[in-house]
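Novice: My structure is below; once you've seen it, I'll send some questions.
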Number of protein chains: 2
Amino acid sequence: MPNQSTDLGRVFQALADPTRRAVLERLSGGPAGMSELAQPFRMALPSFSQHLDVLEDCGLVRSRKEGRVRTYRISPRAMQAAEGWLSKQRSLWARRLDQFDDYVKEQNR
Amino acid sequence: MPNQSTDLGRVFQALADPTRRAVLERLSGGPAGMSELAQPFRMALPSFSQHLDVLEDCGLVRSRKEGRVRTYRISPRAMQAAEGWLSKQRSLWARRLDQFDDYVKEQNR
């Protein structure tokens, strides 16, 4: 990744939208074409297609044209980067709480 | 949470900004006041304060006024919700890959 901070920003930006999260939830169950992905949403295909472009541009999904049909699938690395950042913050935070706990115990001896 | 989807959207939206992520990284190491948090950024305090408001409004941080100083700290639940959503997608995706693997093995017997 040339610029991890920007990339992480684009990934979180993509995840901020409920339609895009619903698409990722669907794709977590397996690959699908655009019309199947669009089906649950009351949205014109060009607008829906923009959501897929956002997901693809930041690396959350990838697509391949097979004959006349473009198939979308999850691309796990971007999601792992986002999850990794969150889990790192959580572990730093938890470690600090542990240290605080030790400090309190030490004071109360 | 009254509306989990909206809340998750606001959390991811808050995480999309590099300044706000840097503030969370700093707060993972322990509580801090606004001027300490603002110090690494070339930004007017009112603009910086808006970033803190966004973080507080979506539940990623909380603040408390002690005397004349407002102290900010991590509020882990919102970050756990975001991490939980990502980890759920990953496990669904991994389970599907396992099933696919079993299917391929079955076919090649």
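Labels for the structure tokens follow display order: chains A, B, ..., residues from 1 in each chain, ligands from 1.
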Could you pull out all residues of chain B with a DSSP call of alpha helix (DSSP H) and give them as a VMD selection string?
Specialist: chain B and resid 4 to 15 18 to 28 34 to 38 45 to 57 76 to 107
Novice: Using only C-alpha atoms, which chain A residues lie at most 12 Å away from chain B, written as a ChimeraX atom specification?
Specialist: /A:3-31,60,73-100
Novice: Leaving out Leu52 (chain A) and any residue of its chain fewer than 4 positions from it, which residues lie within 9 Å of it when counting only C-alpha atoms, given as a list in words?
Specialist: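 Those residues are Arg20, Val23, Met34, Phe48, Glu56, Asp57, Val61 and Tyr72 of chain A.
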Novice: Using DSSP assignments from the backbone, pull out every residue in chain A that falls under strand (DSSP E or B) and give it to me as a PyMOL selection string.
Specialist: chain A and resi 32-33+61-66+69-74
Novice: Between CA of Arg68 (chain A) and CA of Asn108 (chain B), what is the spacing in Å?
Specialist: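 Separating CA of Asn108 (chain B) from CA of Arg68 (chain A) is a distance of 29.4 Å.
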